[in-house]
>>> print(open('protein_18.cif').read())   # mmCIF, C-alpha atoms and all ligand atoms
data_target
loop_
_atom_site.label_atom_id
_atom_site.label_comp_id
_atom_site.auth_asym_id
_atom_site.auth_seq_id
_atom_site.Cartn_x
_atom_site.Cartn_y
_atom_site.Cartn_z
CA MET A 1 63.50 14.99 6.67
CA ALA A 2 63.15 17.53 3.84
CA PHE A 3 63.98 16.32 0.33
CA ASN A 4 67.64 17.09 -0.33
CA PHE A 5 68.05 17.07 -4.09
CA GLU A 6 71.85 17.09 -4.10
CA ILE A 7 72.26 14.17 -1.72
CA LYS A 8 69.55 12.21 -3.53
CA LYS A 9 71.33 12.82 -6.83
CA ARG A 10 74.64 11.73 -5.32
CA THR A 11 73.07 8.53 -3.99
CA TYR A 12 71.43 7.85 -7.36
CA VAL A 13 74.75 8.24 -9.20
CA ALA A 14 76.53 5.94 -6.72
CA VAL A 15 73.80 3.27 -6.94
CA ARG A 16 73.64 3.52 -10.75
CA ASP A 17 77.43 3.21 -11.09
CA LYS A 18 77.51 0.29 -8.68
CA CYS A 19 74.84 -1.45 -10.75
CA VAL A 20 76.89 -0.99 -13.94
CA GLU A 21 79.99 -2.31 -12.16
CA GLN A 22 78.03 -5.39 -11.02
CA LEU A 23 76.63 -5.96 -14.50
CA LYS A 24 80.13 -5.86 -15.94
CA ALA A 25 81.09 -8.52 -13.39
CA ASP A 26 77.90 -10.40 -14.34
CA ASP A 27 76.70 -10.23 -10.73
CA ARG A 28 73.07 -10.10 -11.87
CA ASP A 29 71.29 -10.60 -8.56
CA ASN A 30 72.94 -7.65 -6.85
CA ALA A 31 72.82 -5.56 -10.02
CA LEU A 32 69.06 -6.06 -10.17
CA ILE A 33 68.66 -4.82 -6.59
CA ASN A 34 70.64 -1.68 -7.40
CA LEU A 35 68.87 -1.30 -10.72
CA ASP A 36 65.47 -1.18 -8.99
CA GLN A 37 66.83 1.25 -6.42
CA ALA A 38 68.29 3.49 -9.16
CA VAL A 39 64.94 3.53 -10.98
CA ALA A 40 63.13 4.44 -7.73
CA LEU A 41 65.65 7.20 -6.99
CA SER A 42 65.38 8.56 -10.53
CA ASN A 43 61.59 8.77 -10.07
CA GLU A 44 62.06 10.93 -7.00
CA LEU A 45 64.63 13.09 -8.79
CA ILE A 46 62.34 13.57 -11.80
CA ALA A 47 59.49 14.56 -9.46
CA HIS A 48 61.58 17.17 -7.63
CA CYS A 49 63.83 18.46 -10.39
CA GLN A 50 63.45 22.16 -11.22
CA ILE A 51 65.75 22.23 -14.25
CA PRO A 52 64.08 20.98 -17.46
CA GLU A 53 67.37 19.81 -19.09
CA LEU A 54 68.21 17.79 -16.01
CA THR A 55 64.74 16.26 -15.90
CA THR A 56 65.18 15.17 -19.53
CA LYS A 57 68.53 13.62 -18.64
CA PHE A 58 67.08 11.66 -15.70
CA LYS A 59 64.19 10.47 -17.86
CA SER A 60 66.51 9.29 -20.59
CA GLU A 61 68.74 7.48 -18.07
CA GLN A 62 65.68 5.91 -16.50
CA ALA A 63 64.55 4.65 -19.90
CA THR A 64 67.99 3.06 -20.38
CA LEU A 65 67.81 1.45 -16.93
CA LEU A 66 64.38 0.02 -17.73
CA LYS A 67 65.68 -1.36 -21.03
CA ILE A 68 68.52 -3.07 -19.15
CA LYS A 69 65.97 -4.51 -16.72
CA ALA A 70 63.89 -5.87 -19.61
CA LYS A 71 67.00 -7.49 -21.13
CA LEU A 72 67.89 -9.07 -17.78
CA ALA A 73 64.38 -10.48 -17.58
CA GLU A 74 65.08 -12.14 -20.95
CA GLY A 75 68.24 -13.64 -19.47
CA ILE A 76 70.55 -11.27 -21.35
CA ASN A 77 73.13 -9.12 -19.62
CA PRO A 78 73.80 -6.30 -22.10
CA TYR A 79 77.22 -5.67 -20.55
CA THR A 80 78.57 -9.16 -21.04
CA GLN A 81 76.52 -10.89 -23.71
CA LYS A 82 77.03 -8.82 -26.77
CA LYS A 83 76.31 -10.38 -30.11
CA PRO A 84 79.45 -11.98 -31.50
CA GLU A 85 81.06 -9.46 -33.79
CA PRO A 86 82.08 -10.33 -37.32
CA ILE A 87 85.58 -11.78 -37.37
CA PRO A 88 87.95 -9.00 -38.46
CA GLN A 89 90.54 -9.49 -41.16
CA GLY A 90 93.96 -10.46 -39.83
CA ALA A 91 95.23 -12.68 -37.06
CA GLY A 92 91.91 -14.26 -36.15
CA LYS A 93 90.59 -14.82 -39.64
CA PRO A 94 88.94 -18.23 -40.03
CA ALA A 95 91.47 -20.51 -41.70
CA ALA A 96 90.87 -21.00 -45.41
CA ALA A 97 87.31 -19.76 -45.30
CA LYS A 98 85.90 -17.29 -47.78
CA PRO A 99 84.22 -14.32 -46.12
CA GLU A 100 80.75 -15.51 -47.12
CA GLU A 101 81.51 -18.94 -45.64
CA ALA A 102 82.77 -17.60 -42.28
CA PRO A 103 81.44 -19.87 -39.57
CA LYS A 104 79.05 -18.41 -37.06
CA ALA A 105 80.95 -17.94 -33.79
CA LYS A 106 79.15 -19.71 -30.97
CA TYR A 107 81.79 -20.03 -28.28
CA PHE A 108 84.45 -17.56 -29.46
CA THR A 109 84.45 -13.81 -29.41
CA THR A 110 86.79 -11.19 -30.82
CA ASP A 111 85.57 -8.75 -28.20
CA ALA A 112 88.71 -8.79 -26.04
CA PRO A 113 88.48 -7.81 -22.35
CA ASN A 114 89.90 -4.39 -21.52
CA HIS A 115 92.47 -5.44 -18.94
CA THR A 116 96.06 -6.52 -19.51
CA LEU A 117 98.76 -8.19 -17.42
CA GLU A 118 99.64 -4.74 -16.05
CA ASP A 119 96.38 -4.94 -14.08
CA VAL A 120 97.42 -8.15 -12.32
CA ALA A 121 98.71 -7.65 -8.79
CA GLY A 122 101.93 -9.54 -8.00
CA LEU A 123 102.29 -13.03 -9.50
CA GLU A 124 105.52 -11.93 -11.18
CA ASP A 125 106.60 -15.50 -12.02
CA VAL A 126 103.24 -16.31 -13.56
CA LYS A 127 103.28 -13.12 -15.65
CA GLN A 128 106.85 -13.79 -16.78
CA GLN A 129 106.00 -17.34 -17.86
CA ILE A 130 102.95 -16.12 -19.73
CA LYS A 131 104.92 -13.40 -21.49
CA LEU A 132 107.52 -15.94 -22.62
CA ASN A 133 105.26 -18.88 -23.39
CA VAL A 134 102.10 -17.27 -24.68
CA LEU A 135 102.48 -13.63 -25.69
CA LEU A 136 105.80 -13.98 -27.48
CA ARG A 137 104.50 -16.85 -29.65
CA LEU A 138 101.86 -14.58 -31.11
CA GLN A 139 103.55 -11.21 -30.89
CA ASN A 140 107.01 -12.16 -32.14
CA PRO A 141 106.72 -15.65 -33.67
CA ASP A 142 110.00 -15.31 -35.62
CA LEU A 143 111.91 -14.87 -32.39
CA TYR A 144 109.96 -17.46 -30.41
CA PHE A 145 110.12 -20.23 -32.99
CA HIS A 146 113.79 -19.51 -33.63
CA TYR A 147 114.48 -20.92 -30.18
CA HIS A 148 111.58 -23.30 -29.61
CA ASP A 149 109.90 -26.13 -31.39
CA THR A 150 106.27 -26.03 -32.33
CA SER A 151 104.77 -27.99 -29.48
CA GLY A 152 101.38 -26.72 -28.34
CA CYS A 153 100.84 -24.09 -25.73
CA ARG A 154 98.85 -25.64 -22.91
CA ILE A 155 98.88 -24.07 -19.51
CA LEU A 156 97.18 -25.07 -16.29
CA MET A 157 96.80 -22.37 -13.65
CA TYR A 158 96.03 -23.63 -10.17
CA GLY A 159 95.74 -21.95 -6.80
CA PRO A 160 93.37 -21.01 -3.99
CA PRO A 161 90.00 -19.42 -4.74
CA GLY A 162 89.96 -15.71 -5.56
CA THR A 163 93.66 -15.39 -6.34
CA GLY A 164 93.05 -14.17 -9.89
CA LYS A 165 93.22 -17.23 -12.17
CA THR A 166 90.15 -16.28 -14.18
CA PHE A 167 91.28 -12.66 -14.14
CA VAL A 168 94.74 -13.56 -15.48
CA ALA A 169 93.10 -15.51 -18.34
CA GLU A 170 91.00 -12.46 -19.20
CA CYS A 171 94.14 -10.31 -19.12
CA ILE A 172 95.89 -12.69 -21.53
CA ALA A 173 92.90 -12.40 -23.87
CA GLY A 174 93.10 -8.62 -23.47
CA GLU A 175 96.77 -8.73 -24.52
CA LEU A 176 96.39 -11.13 -27.44
CA LYS A 177 93.24 -9.75 -29.01
CA CYS A 178 92.75 -12.97 -30.98
CA PRO A 179 89.49 -14.97 -30.95
CA TYR A 180 88.89 -16.03 -27.38
CA ALA A 181 86.53 -18.53 -25.75
CA ASN A 182 85.90 -18.54 -22.02
CA ILE A 183 84.32 -21.92 -21.38
CA LYS A 184 82.75 -22.46 -18.01
CA ILE A 185 81.65 -25.80 -16.71
CA GLN A 186 77.97 -24.85 -17.01
CA ASP A 187 78.50 -24.25 -20.75
CA ILE A 188 79.35 -27.92 -21.11
CA LEU A 189 77.56 -30.03 -18.53
CA ASP A 190 74.15 -31.17 -19.57
CA LYS A 191 71.57 -33.48 -18.03
CA TYR A 192 71.27 -35.38 -21.33
CA VAL A 193 73.85 -38.11 -21.77
CA GLY A 194 76.09 -37.47 -24.75
CA GLU A 195 75.41 -33.74 -24.89
CA ALA A 196 78.52 -32.68 -22.94
CA PRO A 197 80.96 -34.62 -25.19
CA ARG A 198 79.13 -33.21 -28.23
CA LYS A 199 79.61 -29.66 -26.94
CA ILE A 200 83.30 -30.29 -26.26
CA LYS A 201 83.76 -31.49 -29.86
CA GLU A 202 81.87 -28.46 -31.10
CA ILE A 203 84.13 -26.10 -29.14
CA PHE A 204 87.29 -27.65 -30.57
CA GLU A 205 85.81 -27.68 -34.08
CA GLU A 206 85.11 -23.98 -33.81
CA ALA A 207 88.62 -23.37 -32.42
CA ASN A 208 90.08 -25.21 -35.39
CA THR A 209 88.56 -22.68 -37.76
CA TYR A 210 90.87 -19.94 -36.47
CA ASP A 211 94.51 -19.44 -37.30
CA ASN A 212 95.27 -18.02 -33.85
CA CYS A 213 93.03 -18.43 -30.85
CA LEU A 214 92.87 -18.69 -27.08
CA LEU A 215 90.70 -21.36 -25.53
CA PHE A 216 90.17 -21.01 -21.78
CA PHE A 217 88.53 -23.73 -19.67
CA ASP A 218 87.61 -22.33 -16.28
CA GLU A 219 87.17 -24.58 -13.23
CA ILE A 220 88.26 -27.56 -15.28
CA ASP A 221 88.08 -29.88 -12.26
CA GLY A 222 84.29 -29.83 -12.68
CA MET A 223 84.72 -31.46 -16.06
CA CYS A 224 87.90 -33.51 -15.87
CA SER A 225 88.11 -34.95 -12.40
CA SER A 226 89.94 -38.18 -11.86
CA ARG A 227 88.39 -41.18 -13.63
CA ASP A 228 88.95 -43.22 -10.48
CA SER A 229 86.99 -40.86 -8.27
CA ASP A 230 83.81 -41.02 -10.32
CA ASP A 231 82.66 -44.24 -11.86
CA SER A 232 79.92 -42.86 -14.03
CA ALA A 233 80.29 -43.60 -17.71
CA HIS A 234 79.07 -40.07 -18.35
CA THR A 235 82.07 -38.49 -16.56
CA LYS A 236 84.48 -40.86 -18.27
CA ASP A 237 83.02 -39.95 -21.67
CA ILE A 238 83.53 -36.26 -21.02
CA LEU A 239 87.14 -36.71 -20.00
CA THR A 240 87.96 -39.08 -22.85
CA THR A 241 86.42 -36.71 -25.39
CA PHE A 242 88.31 -33.79 -23.93
CA LEU A 243 91.63 -35.65 -24.06
CA THR A 244 91.01 -36.79 -27.63
CA CYS A 245 90.03 -33.32 -28.81
CA MET A 246 93.05 -31.83 -27.14
CA SER A 247 95.53 -34.21 -28.75
CA GLY A 248 94.01 -33.64 -32.16
CA PHE A 249 93.84 -29.88 -31.71
CA GLY A 250 95.75 -28.18 -34.55
CA THR A 251 99.48 -27.89 -34.59
CA ASP A 252 101.25 -24.94 -33.19
CA SER A 253 103.37 -23.15 -35.79
CA LYS A 254 104.46 -19.66 -36.68
CA GLU A 255 101.27 -19.23 -38.66
CA LYS A 256 98.85 -20.97 -36.32
CA VAL A 257 99.16 -20.42 -32.61
CA ARG A 258 96.42 -22.04 -30.60
CA VAL A 259 96.65 -21.60 -26.90
CA ILE A 260 94.72 -23.66 -24.35
CA ILE A 261 94.59 -22.45 -20.78
CA ALA A 262 92.73 -24.13 -17.94
CA ALA A 263 92.19 -23.06 -14.34
CA THR A 264 91.32 -24.93 -11.18
CA ASN A 265 91.39 -24.51 -7.43
CA ARG A 266 91.43 -28.30 -6.96
CA PRO A 267 94.39 -29.46 -9.07
CA TRP A 268 94.71 -32.72 -7.10
CA ALA A 269 91.23 -33.71 -8.26
CA LEU A 270 92.23 -33.65 -11.93
CA ASP A 271 92.75 -36.85 -13.80
CA SER A 272 96.48 -37.50 -14.05
CA ALA A 273 96.16 -37.94 -17.82
CA LEU A 274 95.57 -34.22 -18.09
CA ILE A 275 98.81 -33.29 -16.42
CA ARG A 276 101.03 -35.79 -18.19
CA GLY A 277 103.13 -35.30 -21.30
CA HIS A 278 101.82 -32.93 -23.90
CA ARG A 279 98.53 -32.20 -22.21
CA PHE A 280 98.82 -29.38 -19.68
CA ASP A 281 102.57 -29.42 -19.60
CA THR A 282 103.07 -25.94 -18.13
CA GLN A 283 101.59 -25.59 -14.67
CA LEU A 284 101.53 -22.25 -12.93
CA TYR A 285 100.83 -21.80 -9.25
CA VAL A 286 98.71 -18.70 -8.72
CA THR A 287 99.48 -17.84 -5.11
CA LEU A 288 97.97 -15.58 -2.48
CA PRO A 289 99.08 -11.96 -2.91
CA ASP A 290 102.22 -10.85 -1.06
CA TYR A 291 102.46 -7.44 0.64
CA ASP A 292 103.28 -5.51 -2.56
CA ALA A 293 100.48 -7.22 -4.46
CA ARG A 294 98.01 -6.51 -1.65
CA LEU A 295 99.05 -2.85 -1.61
CA PHE A 296 98.63 -2.73 -5.39
CA LEU A 297 95.08 -4.09 -5.02
CA VAL A 298 94.22 -1.69 -2.19
CA LYS A 299 95.50 1.28 -4.25
CA LYS A 300 93.60 0.08 -7.31
CA ASN A 301 90.41 0.08 -5.24
CA PHE A 302 90.83 3.68 -4.14
CA LYS A 303 92.39 4.93 -7.39
CA LYS A 304 89.33 6.76 -8.68
CA HIS A 305 88.63 8.61 -5.41
CA MET A 306 91.75 8.74 -3.26
CA ASP A 307 90.00 11.32 -1.06
CA ILE A 308 87.93 8.45 0.39
CA ILE A 309 91.00 7.25 2.29
CA GLU A 310 93.44 10.16 2.32
CA GLY A 311 93.52 11.79 5.76
CA SER A 312 91.60 8.88 7.33
CA ASP A 313 92.69 7.13 10.54
CA ILE A 314 93.75 4.09 8.52
CA THR A 315 96.30 3.95 5.70
CA MET A 316 96.41 1.79 2.59
CA GLU A 317 99.67 0.31 3.87
CA GLU A 318 97.97 -0.77 7.11
CA ILE A 319 95.15 -2.42 5.18
CA ALA A 320 97.69 -4.27 3.00
CA THR A 321 99.63 -5.43 6.06
CA GLU A 322 96.57 -6.58 7.99
CA LEU A 323 95.11 -8.57 5.09
CA GLU A 324 97.97 -11.02 4.91
CA GLY A 325 96.56 -14.47 4.06
CA TRP A 326 93.49 -13.08 2.26
CA SER A 327 92.94 -13.48 -1.47
CA GLY A 328 92.68 -10.65 -4.01
CA ALA A 329 88.94 -11.24 -4.31
CA ASP A 330 88.57 -11.06 -0.49
CA ILE A 331 90.54 -7.80 -0.40
CA ASP A 332 88.30 -6.27 -3.06
CA SER A 333 85.21 -7.31 -1.18
CA ILE A 334 86.42 -5.99 2.21
CA ILE A 335 87.21 -2.61 0.66
CA THR A 336 83.84 -2.53 -1.08
CA LYS A 337 82.19 -3.07 2.30
CA MET A 338 84.27 -0.24 3.84
CA LYS A 339 83.17 2.09 1.06
CA ASP A 340 79.53 1.08 1.54
CA TYR A 341 79.73 1.88 5.27
CA ALA A 342 81.18 5.32 4.49
CA MET A 343 78.58 5.90 1.79
CA ASN A 344 75.76 5.01 4.15
CA ARG A 345 77.05 7.55 6.67
CA THR A 346 77.12 10.15 3.91
CA ILE A 347 73.52 9.31 3.03
CA ALA A 348 72.52 9.60 6.69
CA ASN A 349 74.23 13.00 7.03
CA PRO A 350 73.30 14.78 3.82
CA ASP A 351 74.60 18.18 4.89
CA ALA A 352 78.04 16.98 6.01
CA PRO A 353 80.98 16.55 3.60
CA TYR A 354 81.54 13.12 2.04
CA GLU A 355 82.54 10.58 4.69
CA LYS A 356 85.90 8.80 4.50
CA VAL A 357 86.49 5.13 5.26
CA THR A 358 87.79 4.58 8.77
CA ARG A 359 89.71 2.06 10.84
CA ALA A 360 86.37 1.04 12.42
CA ASP A 361 84.97 0.36 8.92
CA PHE A 362 87.95 -1.83 8.15
CA ASP A 363 87.66 -3.78 11.40
CA LYS A 364 83.92 -4.29 10.88
CA ALA A 365 84.33 -5.28 7.23
CA LYS A 366 87.09 -7.74 8.03
CA ALA A 367 85.21 -9.24 10.99
CA SER A 368 82.11 -9.77 8.87
CA SER A 369 84.04 -11.42 6.01
CA ARG A 370 85.07 -15.01 5.66
CA ASN A 371 88.58 -15.71 4.47
CA SER A 372 88.03 -17.95 1.45
CA VAL A 373 91.42 -19.60 1.80
CA VAL A 374 91.83 -22.14 4.58
CA PRO A 375 95.47 -22.49 5.70
CA GLU A 376 95.38 -26.31 5.33
CA SER A 377 94.61 -25.95 1.63
CA LEU A 378 97.86 -24.02 1.19
CA VAL A 379 99.73 -27.10 2.39
CA ALA A 380 97.92 -29.14 -0.27
CA PHE A 381 98.77 -26.61 -3.01
CA GLU A 382 102.42 -26.65 -1.97
CA ALA A 383 102.42 -30.46 -2.05
CA PHE A 384 100.88 -30.42 -5.53
CA ARG A 385 103.52 -27.94 -6.69
CA LYS A 386 106.25 -30.27 -5.49
CA GLY A 387 104.58 -33.20 -7.26
CA GLU A 388 103.73 -34.94 -3.98
CA LEU A 389 99.96 -34.98 -4.57
N1 LIG A 401 96.35 -10.99 -8.43
C1 LIG A 401 95.27 -10.25 -8.72
N2 LIG A 401 95.40 -9.11 -9.44
C2 LIG A 401 94.35 -8.34 -9.73
N3 LIG A 401 93.08 -8.62 -9.35
C3 LIG A 401 92.88 -9.74 -8.63
C4 LIG A 401 93.96 -10.61 -8.28
N4 LIG A 401 93.47 -11.63 -7.54
C5 LIG A 401 92.14 -11.42 -7.47
N5 LIG A 401 91.80 -10.29 -8.09
C6 LIG A 401 90.43 -9.71 -8.17
O1 LIG A 401 89.53 -10.66 -7.63
C7 LIG A 401 88.53 -11.01 -8.60
C8 LIG A 401 88.22 -12.49 -8.49
O2 LIG A 401 89.37 -13.24 -8.89
P1 LIG A 401 89.24 -14.51 -9.84
O3 LIG A 401 87.81 -14.80 -10.11
O4 LIG A 401 90.13 -14.30 -11.02
O5 LIG A 401 89.84 -15.62 -8.90
P2 LIG A 401 90.04 -17.14 -9.22
O6 LIG A 401 91.45 -17.47 -8.85
O7 LIG A 401 89.62 -17.44 -10.61
O8 LIG A 401 89.06 -17.82 -8.16
P3 LIG A 401 88.33 -19.25 -8.23
O9 LIG A 401 89.37 -20.29 -7.97
O10 LIG A 401 87.33 -19.18 -7.12
O11 LIG A 401 87.70 -19.38 -9.57
C9 LIG A 401 89.12 -10.62 -9.94
O12 LIG A 401 88.12 -10.29 -10.88
C10 LIG A 401 89.97 -9.43 -9.60
O13 LIG A 401 89.19 -8.27 -9.57
MG MG A 402 88.03 -18.53 -11.37
#
>>> encode(input="protein_18.cif", output="structure tokens", more="lines below")
Ligand SMILES: Nc1ncnc2c1ncn2[C@@H]1O[C@H](COP(=O)(O)OP(=O)(O)OP(=O)(O)O)[C@@H](O)[C@H]1O
Ligand SMILES: [Mg+2]
Amino acid sequence: MAFNFEIKKRTYVAVRDKCVEQLKADDRDNALINLDQAVALSNELIAHCQIPELTTKFKSEQATLLKIKAKLAEGINPYTQKKPEPIPQGAGKPAAAKPEEAPKAKYFTTDAPNHTLEDVAGLEDVKQQIKLNVLLRLQNPDLYFHYHDTSGCRILMYGPPGTGKTFVAECIAGELKCPYANIKIQDILDKYVGEAPRKIKEIFEEANTYDNCLLFFDEIDGMCSSRDSDDSAHTKDILTTFLTCMSGFGTDSKEKVRVIIAATNRPWALDSALIRGHRFDTQLYVTLPDYDARLFLVKKNFKKHMDIIEGSDITMEEIATELEGWSGADIDSIITKMKDYAMNRTIANPDAPYEKVTRADFDKAKASSRNSVVPESLVAFEAFRKGEL
């Protein structure tokens, strides 16, 4: 087939954009595949380009792609691992520290995510609780503390995989714009005995240097599972250290609001000490999306290029209806597959107009996907919500 510059350029742009999207989601393996493909495509474009300005542009983009590749080889994702920025004056200023003594941020960042609670599909109860219990404390402390005492703000979000727990935490950080730490289990666990408790202490020590901050522990079950279920002294040490650090963690007042949020998709595996009393006293069930939430997610996926679905033999409403029982993450991934099928057809038919997604694409994407939520687990979540587990 003759070299079709336009279609090659279109493919390059799609692959490059996909790579950036994957890097932002820290999906490095897939990003690397697309990165290599984008570099290969840019080579072809440079070789065939007749317009000098455009050639320069492709060369400059290719240089950027190669720099990203080099960073990835060093283990750095330039889209997610920026250097911690200096702490700005204001809400997140280190408590009682002179500027020259400002501690070096290791776990916290002031680089807030871009999304807000408006980007969360459904989960109206969860959003309402967060607005009242978290946002108001920081955004209108006079009002909040007029009605409430100064007990800490500790929230546990639980629910099936892919329902948006991690995403909601990022949205809260995006709303608050105070120093934020997103602690994943792999940041803490260590093969050397004693290292994990040391890191936990270090995290809380750093948190204590801020007036206001948000500390998020993702997949907390990996760190704080029931003491009865695992006899190792190592696991017990981690949990005990975590509980101690949490009880000694600053006081919550008008001037100092320190929020701890944790997420899990196995709440029943958590040690009961975590759920009791003043530990994680607010527990929010992050459920599967209902019809309106699914439609919101489907629309969000097509928002940038509605023409991909408009006029097709399947509607967004049909997709939302037929994905009942699937998580938000599953819905995103099914639609991504549909778009990939349509894109591949476009690549195969360079002279035809851009292909739309079709009912057949949906059926194929759904059939080749695995629903990450097993119905039996919903029974367990419901039982946990009612306090029966
Ligand atoms: N309710 C929702 N609103 C908006 N986006 C959602 C929602 N649920 C899932 N998503 C999308 O799915 C992606 C994956 O969701 P996320 O990682 O937050 O799920 P999770 O509940 O933390 O899953 P896990 O229990 O496996 O950690 C999100 O980044 C987001 O794009
Ligand atoms: Mg998660």
>>> residues_around(input="protein_18.cif", residues="segment 379-386 of chain A", least_positions_apart="3", cutoff="9 Å", atoms="all atoms listed in the file", output="count of residues only")
13
>>> residues_near_ligand(input="protein_18.cif", ligand="ligand LIG 401 (chain A)", cutoff="7 Å", atoms="only C-alpha atoms and all ligand atoms", output="tab-separated table (two decimals) with C-alpha atoms, in the frame of the given file")
chain	number	residue	atom	x	y	z
A	119	ASP	CA	96.38	-4.94	-14.08
A	120	VAL	CA	97.42	-8.15	-12.32
A	121	ALA	CA	98.71	-7.65	-8.79
A	122	GLY	CA	101.93	-9.54	-8.00
A	123	LEU	CA	102.29	-13.03	-9.50
A	159	GLY	CA	95.74	-21.95	-6.80
A	160	PRO	CA	93.37	-21.01	-3.99
A	161	PRO	CA	90.00	-19.42	-4.74
A	162	GLY	CA	89.96	-15.71	-5.56
A	163	THR	CA	93.66	-15.39	-6.34
A	164	GLY	CA	93.05	-14.17	-9.89
A	165	LYS	CA	93.22	-17.23	-12.17
A	166	THR	CA	90.15	-16.28	-14.18
A	167	PHE	CA	91.28	-12.66	-14.14
A	168	VAL	CA	94.74	-13.56	-15.48
A	219	GLU	CA	87.17	-24.58	-13.23
A	264	THR	CA	91.32	-24.93	-11.18
A	265	ASN	CA	91.39	-24.51	-7.43
A	289	PRO	CA	99.08	-11.96	-2.91
A	293	ALA	CA	100.48	-7.22	-4.46
A	297	LEU	CA	95.08	-4.09	-5.02
A	327	SER	CA	92.94	-13.48	-1.47
A	328	GLY	CA	92.68	-10.65	-4.01
A	329	ALA	CA	88.94	-11.24	-4.31
A	332	ASP	CA	88.30	-6.27	-3.06
>>> closest_residue(input="protein_18.cif", among="A:Cys224, A:Ala169, A:Val298, A:Leu176", to="ligand MG 402 (chain A)", atoms="all atoms listed in the file")
A:Ala169
>>> residues_around(input="protein_18.cif", residues="Tyr291 of chain A", least_positions_apart="2", cutoff="10 Å", atoms="all atoms listed in the file", output="ChimeraX atom specification")
/A:122,288-289,293-297,317,319-325
>>> atom_distance(input="protein_18.cif", atom1="atom CA of Asn114 of chain A", atom2="atom CA of Lys339 of chain A")
24.4 Å
>>> axis_aligned_box(input="protein_18.cif", around="segment 354-371 of chain A", padding_each_side="4 Å", output="lines of an AutoDock Vina configuration file")
center_x = 85.6
center_y = -1.3
center_z = 7.2
size_x = 16.2
size_y = 36.8
size_z = 18.4
>>> atom_distance(input="protein_18.cif", atom1="atom CA of Ala233 of chain A", atom2="atom CA of Leu189 of chain A")
13.9 Å
>>> closest_residue(input="protein_18.cif", among="A:Gln128, A:Thr109, A:Asn182, A:Ser253", to="ligand MG 402 (chain A)", atoms="only C-alpha atoms and all ligand atoms")
A:Asn182
>>> atom_distance(input="protein_18.cif", atom1="atom CA of Phe5 of chain A", atom2="atom CA of Ala360 of chain A")
29.4 Å
>>> closest_residue(input="protein_18.cif", among="A:Thr209, A:Ile185, A:Pro353, A:His146", to="ligand MG 402 (chain A)", atoms="only C-alpha atoms and all ligand atoms")
A:Ile185
